[in-house]
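Coordinates from query31.tsv are shown below (TSV, C-alpha atoms and all ligand atoms).
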chain	number	residue	atom	x	y	z
T	16	MET	CA	107.19	88.89	104.57
T	17	ALA	CA	103.95	88.44	106.51
T	18	ASP	CA	103.55	90.26	109.83
T	19	ASN	CA	103.61	86.95	111.66
T	20	GLY	CA	107.21	86.31	112.74
T	21	LYS	CA	108.40	89.89	112.44
T	22	ILE	CA	110.79	91.19	115.10
T	23	ALA	CA	109.74	94.43	116.85
T	24	LEU	CA	111.52	96.66	119.35
T	25	VAL	CA	109.40	99.00	121.49
T	26	THR	CA	111.03	101.66	123.67
T	27	GLY	CA	109.20	102.72	126.82
T	28	GLY	CA	107.28	99.47	126.44
T	29	ALA	CA	107.07	98.57	130.12
T	30	ARG	CA	103.88	100.50	130.82
T	31	GLY	CA	101.26	102.89	129.46
T	32	ILE	CA	100.91	103.28	125.70
T	33	GLY	CA	104.10	101.26	125.08
T	34	LEU	CA	102.71	98.27	126.95
T	35	GLU	CA	99.57	98.30	124.81
T	36	ILE	CA	101.69	98.62	121.67
T	37	CYS	CA	103.51	95.44	122.75
T	38	ARG	CA	100.15	93.71	123.26
T	39	GLU	CA	98.98	94.67	119.76
T	40	LEU	CA	102.22	93.66	118.06
T	41	LEU	CA	102.23	90.33	119.90
T	42	ALA	CA	98.63	89.81	118.74
T	43	ALA	CA	99.83	90.45	115.17
T	44	GLY	CA	102.20	87.50	115.61
T	45	MET	CA	105.39	89.47	116.09
T	46	THR	CA	108.24	88.75	118.48
T	47	VAL	CA	108.47	91.81	120.70
T	48	VAL	CA	111.48	93.14	122.58
T	49	VAL	CA	110.74	95.74	125.26
T	50	ALA	CA	113.37	98.39	126.01
T	51	ASP	CA	112.67	100.58	129.02
T	52	ILE	CA	114.56	102.38	131.75
T	53	GLN	CA	112.15	100.98	134.36
T	54	GLU	CA	113.70	97.57	134.90
T	55	LYS	CA	111.64	97.08	138.05
T	56	LEU	CA	108.43	97.06	136.00
T	57	PHE	CA	109.47	94.13	133.80
T	58	ASP	CA	107.81	91.37	135.85
T	59	GLN	CA	104.62	93.40	135.94
T	60	THR	CA	104.86	93.98	132.17
T	61	ARG	CA	105.28	90.27	131.48
T	62	GLN	CA	102.33	89.53	133.74
T	63	ALA	CA	100.13	92.19	132.12
T	64	LEU	CA	100.86	90.74	128.69
T	65	GLY	CA	100.52	87.13	129.89
T	66	LYS	CA	103.95	86.34	128.46
T	67	ALA	CA	106.40	85.08	131.05
T	68	ASP	CA	109.22	84.84	128.50
T	69	LEU	CA	108.79	88.36	127.09
T	70	ASP	CA	112.24	89.74	126.19
T	71	CYS	CA	112.64	92.90	128.31
T	72	ARG	CA	115.89	94.86	128.29
T	73	LYS	CA	116.99	97.82	130.34
T	74	LEU	CA	117.79	100.85	128.20
T	75	ASP	CA	118.16	104.55	128.76
T	76	VAL	CA	117.24	105.83	125.31
T	77	THR	CA	119.33	108.97	125.80
T	78	ASP	CA	122.46	106.81	125.70
T	79	SER	CA	123.36	106.66	122.02
T	80	VAL	CA	126.02	103.96	122.47
T	81	ALA	CA	123.75	101.75	124.59
T	82	PHE	CA	120.81	102.17	122.20
T	83	THR	CA	122.96	101.19	119.21
T	84	ALA	CA	124.38	98.22	121.12
T	85	LEU	CA	120.90	97.05	122.07
T	86	VAL	CA	119.64	97.23	118.49
T	87	ASP	CA	122.72	95.31	117.31
T	88	ALA	CA	122.19	92.70	120.05
T	89	VAL	CA	118.55	92.21	119.03
T	90	VAL	CA	119.59	91.67	115.41
T	91	GLU	CA	122.37	89.33	116.53
T	92	GLN	CA	119.88	87.27	118.54
T	93	TYR	CA	116.87	87.24	116.20
T	94	GLY	CA	118.59	87.68	112.85
T	95	ARG	CA	116.67	90.81	111.85
T	96	LEU	CA	114.67	93.84	113.01
T	97	ASP	CA	111.43	94.63	111.22
T	98	VAL	CA	109.75	97.22	113.43
T	99	LEU	CA	111.10	99.95	115.70
T	100	VAL	CA	108.67	101.96	117.82
T	101	ASN	CA	110.29	105.05	119.34
T	102	ASN	CA	107.73	105.44	122.10
T	103	ALA	CA	109.68	106.36	125.27
T	104	GLY	CA	108.90	109.90	126.32
T	105	ILE	CA	108.63	112.21	129.30
T	106	THR	CA	107.21	115.59	130.23
T	107	ARG	CA	108.75	118.32	132.39
T	108	ASP	CA	106.11	120.99	132.02
T	109	GLY	CA	106.49	124.65	132.93
T	110	LEU	CA	105.90	128.04	131.39
T	111	LEU	CA	108.58	129.15	128.96
T	112	LEU	CA	109.76	132.09	131.06
T	113	ARG	CA	110.41	129.83	134.03
T	114	MET	CA	111.72	126.77	132.19
T	115	ASP	CA	115.30	125.98	133.13
T	116	ASP	CA	117.96	124.57	130.83
T	117	GLY	CA	117.87	121.20	132.56
T	118	ASP	CA	114.19	120.58	131.82
T	119	TRP	CA	114.62	121.77	128.24
T	120	ASP	CA	117.64	119.51	127.64
T	121	LEU	CA	116.23	116.42	129.34
T	122	VAL	CA	112.94	116.41	127.41
T	123	LEU	CA	114.70	117.00	124.10
T	124	ARG	CA	117.17	114.21	124.87
T	125	VAL	CA	114.62	111.62	125.99
T	126	ASN	CA	111.95	112.38	123.40
T	127	LEU	CA	113.84	113.48	120.30
T	128	TYR	CA	117.54	112.62	120.39
T	129	SER	CA	116.60	109.06	121.31
T	130	ALA	CA	114.45	108.68	118.20
T	131	PHE	CA	117.42	109.71	116.07
T	132	TYR	CA	119.73	107.24	117.84
T	133	GLY	CA	117.22	104.40	117.44
T	134	THR	CA	116.33	105.22	113.86
T	135	ARG	CA	119.97	105.41	112.80
T	136	ALA	CA	120.83	102.13	114.52
T	137	ALA	CA	117.79	100.23	113.26
T	138	SER	CA	117.86	101.52	109.70
T	139	LYS	CA	121.44	100.28	109.27
T	140	HIS	CA	120.04	96.75	109.55
T	141	MET	CA	116.79	97.51	107.73
T	142	VAL	CA	118.74	98.82	104.73
T	143	ARG	CA	120.49	95.45	104.52
T	144	GLN	CA	117.16	93.63	104.82
T	145	LYS	CA	115.54	96.03	102.34
T	146	SER	CA	112.49	96.31	104.58
T	147	GLY	CA	111.36	97.84	107.85
T	148	SER	CA	108.84	100.07	109.55
T	149	ILE	CA	109.73	102.78	112.05
T	150	ILE	CA	107.04	104.47	114.10
T	151	ASN	CA	107.70	107.60	116.13
T	152	MET	CA	105.43	108.67	118.97
T	153	ALA	CA	104.72	112.34	118.38
T	154	SER	CA	101.89	114.30	120.01
T	155	TYR	CA	99.10	116.76	119.39
T	156	SER	CA	101.35	119.23	121.27
T	157	GLY	CA	103.97	118.82	118.56
T	158	ILE	CA	101.48	119.80	115.88
T	159	GLU	CA	99.62	122.61	117.63
T	160	GLY	CA	101.90	123.66	120.52
T	161	ASN	CA	100.65	123.70	124.09
T	162	ARG	CA	100.99	126.22	126.91
T	163	GLY	CA	103.51	124.98	129.47
T	164	GLN	CA	105.11	122.50	127.09
T	165	ALA	CA	107.75	124.44	125.12
T	166	ASN	CA	110.24	121.60	125.60
T	167	TYR	CA	107.77	118.79	124.99
T	168	SER	CA	106.07	120.32	121.95
T	169	ALA	CA	109.46	121.21	120.42
T	170	SER	CA	110.61	117.62	120.90
T	171	LYS	CA	107.47	116.21	119.32
T	172	ALA	CA	107.53	118.67	116.42
T	173	GLY	CA	111.14	117.62	115.91
T	174	MET	CA	110.04	114.01	115.77
T	175	ILE	CA	107.64	114.85	112.98
T	176	GLY	CA	110.48	116.42	110.97
T	177	LEU	CA	112.66	113.39	111.68
T	178	THR	CA	109.82	111.10	110.55
T	179	LYS	CA	109.29	112.86	107.24
T	180	THR	CA	113.01	113.03	106.46
T	181	THR	CA	113.59	109.39	107.39
T	182	ALA	CA	110.68	108.42	105.16
T	183	LYS	CA	112.14	110.33	102.22
T	184	GLU	CA	115.71	109.08	102.71
T	185	LEU	CA	114.85	105.43	103.19
T	186	ALA	CA	111.82	104.83	100.97
T	187	GLY	CA	114.13	103.59	98.22
T	188	LYS	CA	115.23	100.79	100.55
T	189	ASN	CA	111.63	99.80	101.30
T	190	ILE	CA	111.83	101.25	104.81
T	191	ARG	CA	108.78	103.19	105.95
T	192	CYS	CA	108.65	105.76	108.72
T	193	ASN	CA	105.48	107.25	110.17
T	194	ALA	CA	104.43	109.06	113.33
T	195	VAL	CA	101.42	108.73	115.57
T	196	ALA	CA	100.21	111.87	117.32
T	197	PRO	CA	98.10	111.04	120.37
T	198	GLY	CA	95.99	113.69	122.03
T	199	PHE	CA	95.02	113.23	125.67
T	200	ILE	CA	95.44	109.60	126.66
T	201	ALA	CA	94.73	108.01	130.05
T	202	THR	CA	98.16	106.90	131.31
T	203	GLU	CA	100.38	107.66	134.31
T	204	MET	CA	101.81	110.58	132.31
T	205	THR	CA	98.43	112.35	132.31
T	206	ALA	CA	97.17	110.96	135.65
T	207	VAL	CA	99.49	113.35	137.50
T	208	LEU	CA	97.98	116.46	135.87
T	209	PRO	CA	95.86	118.73	138.12
T	210	GLN	CA	92.09	118.32	137.68
T	211	GLN	CA	91.84	121.80	136.16
T	212	ALA	CA	94.29	120.87	133.39
T	213	LYS	CA	92.35	117.64	132.75
T	214	ASP	CA	89.07	119.59	132.50
T	215	ILE	CA	90.59	122.03	130.01
T	216	ALA	CA	92.00	119.18	127.92
T	217	LEU	CA	88.66	117.35	127.93
T	218	SER	CA	86.80	120.46	126.81
T	219	LEU	CA	89.01	120.55	123.69
T	220	ILE	CA	88.23	116.98	122.57
T	221	PRO	CA	85.36	116.79	120.05
T	222	LEU	CA	84.72	113.11	120.94
T	223	LYS	CA	84.37	114.29	124.58
T	224	THR	CA	86.44	111.60	126.21
T	225	MET	CA	90.09	110.85	126.90
T	226	GLY	CA	91.72	108.28	124.66
T	227	GLN	CA	92.86	104.91	125.96
T	228	PRO	CA	96.38	103.50	125.40
T	229	GLN	CA	94.83	100.81	123.22
T	230	ASP	CA	93.46	103.45	120.82
T	231	VAL	CA	97.02	104.59	120.15
T	232	ALA	CA	98.39	101.06	120.08
T	233	ARG	CA	95.98	100.00	117.34
T	234	ALA	CA	97.19	102.86	115.14
T	235	VAL	CA	100.79	101.79	115.75
T	236	ARG	CA	99.93	98.21	114.86
T	237	PHE	CA	98.43	99.37	111.56
T	238	LEU	CA	101.57	101.35	110.70
T	239	ALA	CA	103.84	98.48	111.77
T	240	CYS	CA	102.03	95.91	109.64
T	241	ASP	CA	101.91	95.29	105.91
T	242	ASP	CA	98.34	96.66	105.83
T	243	SER	CA	100.01	100.09	105.64
T	244	ALA	CA	102.65	99.03	103.08
T	245	TYR	CA	102.01	102.06	100.84
T	246	ILE	CA	101.98	104.64	103.67
T	247	THR	CA	105.12	106.50	104.69
T	248	GLY	CA	106.04	109.96	105.99
T	249	GLN	CA	102.63	110.45	107.58
T	250	VAL	CA	101.46	111.68	110.97
T	251	LEU	CA	98.38	109.82	112.16
T	252	SER	CA	96.47	111.76	114.84
T	253	VAL	CA	94.75	109.68	117.52
T	254	ASP	CA	93.16	112.49	119.47
T	255	GLY	CA	89.37	112.31	119.40
T	256	GLY	CA	89.23	114.91	116.65
T	257	MET	CA	91.30	117.70	118.21
T	258	HIS	CA	93.55	118.13	115.18
T	259	THR	CA	91.76	118.05	111.84
W	301	LIG	P1	104.42	106.64	130.46
W	301	LIG	O1	105.18	107.60	131.31
W	301	LIG	O2	103.20	105.98	131.04
W	301	LIG	O3	105.39	105.47	129.93
W	301	LIG	C1	106.59	105.79	129.28
W	301	LIG	C2	107.64	104.75	129.62
W	301	LIG	O4	108.89	105.19	129.04
W	301	LIG	C3	107.88	104.65	131.12
W	301	LIG	O5	108.12	103.34	131.53
W	301	LIG	C4	109.09	105.53	131.27
W	301	LIG	O6	109.84	105.35	132.46
W	301	LIG	C5	109.89	105.14	130.04
W	301	LIG	N1	111.01	106.04	129.85
W	301	LIG	C6	111.13	107.33	130.26
W	301	LIG	N2	112.35	107.79	130.01
W	301	LIG	C7	113.04	106.79	129.42
W	301	LIG	C8	114.38	106.64	128.96
W	301	LIG	N3	115.26	107.64	129.06
W	301	LIG	N4	114.74	105.46	128.42
W	301	LIG	C9	113.88	104.43	128.32
W	301	LIG	N5	112.61	104.50	128.77
W	301	LIG	C10	112.20	105.67	129.31
W	301	LIG	O7	104.06	107.43	129.12
W	301	LIG	P2	102.84	107.24	128.08
W	301	LIG	O8	102.59	105.81	127.88
W	301	LIG	O9	101.74	108.15	128.47
W	301	LIG	O10	103.49	107.88	126.78
W	301	LIG	C11	104.15	107.10	125.79
W	301	LIG	C12	104.51	108.01	124.63
W	301	LIG	O11	103.33	108.63	124.13
W	301	LIG	C13	105.46	109.16	125.02
W	301	LIG	O12	106.36	109.41	123.97
W	301	LIG	C14	104.52	110.33	125.18
W	301	LIG	O13	105.16	111.57	124.97
W	301	LIG	C15	103.50	110.02	124.08
W	301	LIG	N6	102.24	110.71	124.28
W	301	LIG	C16	101.47	110.45	125.39
W	301	LIG	C17	100.27	111.14	125.56
W	301	LIG	C18	99.37	110.90	126.72
W	301	LIG	O14	98.36	111.61	126.82
W	301	LIG	N7	99.67	109.97	127.63
W	301	LIG	C19	99.83	112.13	124.57
W	301	LIG	C20	100.71	112.31	123.46
W	301	LIG	C21	101.88	111.61	123.34
W	301	LIG	P3	109.74	106.48	133.66
W	301	LIG	O15	108.66	106.00	134.55
W	301	LIG	O16	111.10	106.46	134.29
W	301	LIG	O17	109.44	107.82	133.02
Translate the structure described by the file into structure tokens.
Amino acid sequence: MADNGKIALVTGGARGIGLEICRELLAAGMTVVVADIQEKLFDQTRQALGKADLDCRKLDVTDSVAFTALVDAVVEQYGRLDVLVNNAGITRDGLLLRMDDGDWDLVLRVNLYSAFYGTRAASKHMVRQKSGSIINMASYSGIEGNRGQANYSASKAGMIGLTKTTAKELAGKNIRCNAVAPGFIATEMTAVLPQQAKDIALSLIPLKTMGQPQDVARAVRFLACDDSAYITGQVLSVDGGMHT
């Protein structure tokens, strides 16, 4: 089927990189459903995308039952699900020796467990359709590790393993699964970092500038669309050349 008319679900789509992913998928002609914990942002999201009727649904991606129910409801309403973008993610940074169990658990649950819940729920329908594309939002930190991000980098490395296994298990059903690994992108997640941390990050980027959410969103659009029909199990870095 052509990309026009596909149904896409984007977690963490209310702002930041997720919002730009929604913009790109809408531009590709898809119907987009936003799932985010930040219900209060939904009006702003609709305004930013110039789409007053954008379908936004409240979801805490750590809730396996709710995530499955939401995926089922989307399929019930639209008849199918073609694209799932597991984008919702958080950081709770701190050095390993001082990291408490709560910050470890929360980051793993929001970033990694959620991707499993969503992938399992969506692929049940995609198997029936015999088509689908799942995109997981990994990170440079998941490939290389990063001081102060034991929880975050473990979650993102886990997502890469999940991506590759999903790709292998579901390729026979024409379901693709890829990851995007952004580097240092200008969003609210990075805006809160101290200037010193930003300077260090910038000094590591060969292209010498932070990425924009749109840079990541364009890569997701490519992987969501039929242009990438023969690509699965890959991790596409969008990081200004940090990981080569
Ligand atoms: P933002 O914090 O700007 O946006 C993420 C959105 O996801 C927010 O609306 C956030 O809400 C929501 N969210 C958080 N927890 C949950 C949850 N439990 N259920 C549903 N939604 C939730 O992040 P970015 O746009 O910067 O990041 C998007 C993705 O890209 C993340 O996976 C991140 O790890 C990844 N990434 C980002 C990089 C960057 O430099 N910005 C670099 C590498 C990867 P809330 O405000 O409550 O947190």
Enter the distance from atom CA of Lys171 of chain T to atom O4 of ligand LIG 301 (chain W), in Å, rounded to one decimal.
->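 Taking atom CA of Lys171 of chain T and atom O4 of ligand LIG 301 (chain W), their separation equals 14.8 Å.
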Give me, as CSV, the closest atom pair and its distance (Å, one decimal) for every residue of chain T within a cut-off of 6 Å of ligand LIG 301 (chain W), counting only C-alpha atoms and all ligand atoms, rows sorted by chain and rising number.
residue,atom,partner,partner_atom,distance
T:Gly27,CA,W:LIG301,O4,3.3
T:Ala29,CA,W:LIG301,O5,5.1
T:Arg30,CA,W:LIG301,O5,5.2
T:Gly31,CA,W:LIG301,O8,3.6
T:Ile32,CA,W:LIG301,O8,3.7
T:Gly33,CA,W:LIG301,O8,5.6
T:Asp51,CA,W:LIG301,N5,3.9
T:Ile52,CA,W:LIG301,C9,4.1
T:Gln53,CA,W:LIG301,O6,5.3
T:Leu74,CA,W:LIG301,C9,5.3
T:Asp75,CA,W:LIG301,N4,3.6
T:Val76,CA,W:LIG301,N4,4.0
T:Thr77,CA,W:LIG301,N3,5.4
T:Asn102,CA,W:LIG301,O12,4.6
T:Ala103,CA,W:LIG301,O4,4.0
T:Gly104,CA,W:LIG301,O12,3.5
T:Ile105,CA,W:LIG301,C6,5.6
T:Val125,CA,W:LIG301,N3,5.1
T:Met152,CA,W:LIG301,O12,5.1
T:Ala153,CA,W:LIG301,C21,5.8
T:Ser154,CA,W:LIG301,C20,4.2
T:Pro197,CA,W:LIG301,C20,4.2
T:Gly198,CA,W:LIG301,C19,4.9
T:Phe199,CA,W:LIG301,O14,3.9
T:Ile200,CA,W:LIG301,O14,3.5
T:Ala201,CA,W:LIG301,N7,5.8
T:Thr202,CA,W:LIG301,O9,4.7
T:Glu203,CA,W:LIG301,O2,4.6
T:Met204,CA,W:LIG301,O9,4.5
T:Thr205,CA,W:LIG301,N7,5.4
Counting all atoms listed in the file, what is within 7 Å of Ala182 of chain T, bar same-chain residues fewer than 4 positions away, as a ChimeraX atom specification?
-> /T:178,186,191-192,247-248
Restricting the calculation to only C-alpha atoms, which member of T:Ser79, T:Gln229, T:Thr224, T:Ser243 is positioned closest to Ser148 of chain T?
-> T:Ser243
Excluding Gly28 of chain T and residues on its chain fewer than 5 positions from it, collect all residues at most 10 Å away from it, counting only C-alpha atoms, and give them as a list in words.
->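 With the cut-off at 10 Å, the set is Gly33, Leu34, Glu35, Ile36, Cys37, Arg38, Val47, Val48, Val49, Ala50, Asp51, Ile52, Gln53, Leu56, Phe57, Thr60, Cys71, Arg72, Val100, Asn101, Asn102 and Ala103 of chain T.
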Please write as a list in words the list of polymer residues whose atoms come within 12 Å of (92.9, 86.8, 112.3), counting all atoms listed in the file and keeping to the coordinates of the file.
-> Asp18, Asn19, Ala42, Ala43 and Gly44 of chain T
Write the residues of the selection above to a file with C-alpha atoms, as a PDB file, in the coordinates of the input.
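Listed below is the output, part32.pdb:
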ATOM      1  CA  ASP T  18     103.550  90.260 109.830  1.00  0.00           C
ATOM      2  CA  ASN T  19     103.610  86.950 111.660  1.00  0.00           C
ATOM      3  CA  ALA T  42      98.630  89.810 118.740  1.00  0.00           C
ATOM      4  CA  ALA T  43      99.830  90.450 115.170  1.00  0.00           C
ATOM      5  CA  GLY T  44     102.200  87.500 115.610  1.00  0.00           C
TER       6      GLY T  44
END
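Distances here use all atoms listed in the file; by that measure, the residue among T:Ser170, T:Gln211, T:Gln144, T:Thr181 closest to Ile158 of chain T is T:Ser170.
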Between atom CA of Ala194 of chain T and atom CA of Phe237 of chain T - distance in Å to one decimal =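 One can read the atom CA of Phe237 of chain T to atom CA of Ala194 of chain T distance as 11.5 Å.
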Pairwise distance for atom CA of Val207 of chain T and atom CA of Ala165 of chain T, rounded to one decimal in Å = 18.6 Å
Which residue gives the smallest distance to Glu39 of chain T among T:Asp242, T:Asp230, T:Asp115, T:Glu54, with all atoms listed in the file counted?
->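 Comparing T:Asp242, T:Asp230, T:Asp115, T:Glu54 against Glu39 of chain T, the winner is T:Asp230.
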Go through segment 143-209 of chain T and flag each residue having an atom no more than 12 Å from segment 81-96 of chain T; for those, report the closest pair of atoms plus their distance in Å to one decimal, using all atoms listed in the file, ordered by chain and rising number, as a Markdown table.
| residue | atom | partner | partner_atom | distance |
| --- | --- | --- | --- | --- |
| T:Arg143 | CA | T:Arg95 | CA | 9.5 |
| T:Gln144 | CA | T:Arg95 | CA | 7.6 |
| T:Lys145 | CA | T:Arg95 | CA | 10.9 |
| T:Ser146 | CA | T:Leu96 | CA | 9.1 |
| T:Gly147 | CA | T:Leu96 | CA | 7.3 |
| T:Ser148 | CA | T:Leu96 | CA | 9.2 |
| T:Ile149 | CA | T:Leu96 | CA | 10.3 |
| T:Ile190 | CA | T:Leu96 | CA | 11.4 |
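Compared by their closest atoms to Ser168 of chain T, and using all atoms listed in the file, the residues T:Leu217, T:Val98, T:Ala196, T:Met45 rank with T:Ala196 nearest.
Using all atoms listed in the file for every distance, the candidate list T:Gln249, T:Gly117, T:Val195, T:Lys188 yields T:Lys188 as the residue closest to Ser138 of chain T.
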Closest to Ala216 of chain T among T:Lys73, T:Lys55, T:Lys66, T:Arg162, using only C-alpha atoms?
-> T:Arg162
Excluding Val122 of chain T and any residue of its chain fewer than 2 positions from it, enumerate the residues within 8 Å of it, using only C-alpha atoms, and give them as a ChimeraX atom specification.
-> /T:104-107,118-120,124-127,166-167,170
Written selection (C-alpha atoms) as a tab-separated table (two decimals), in the coordinates of the input:
chain	number	residue	atom	x	y	z
T	104	GLY	CA	108.90	109.90	126.32
T	105	ILE	CA	108.63	112.21	129.30
T	106	THR	CA	107.21	115.59	130.23
T	107	ARG	CA	108.75	118.32	132.39
T	118	ASP	CA	114.19	120.58	131.82
T	119	TRP	CA	114.62	121.77	128.24
T	120	ASP	CA	117.64	119.51	127.64
T	124	ARG	CA	117.17	114.21	124.87
T	125	VAL	CA	114.62	111.62	125.99
T	126	ASN	CA	111.95	112.38	123.40
T	127	LEU	CA	113.84	113.48	120.30
T	166	ASN	CA	110.24	121.60	125.60
T	167	TYR	CA	107.77	118.79	124.99
T	170	SER	CA	110.61	117.62	120.90
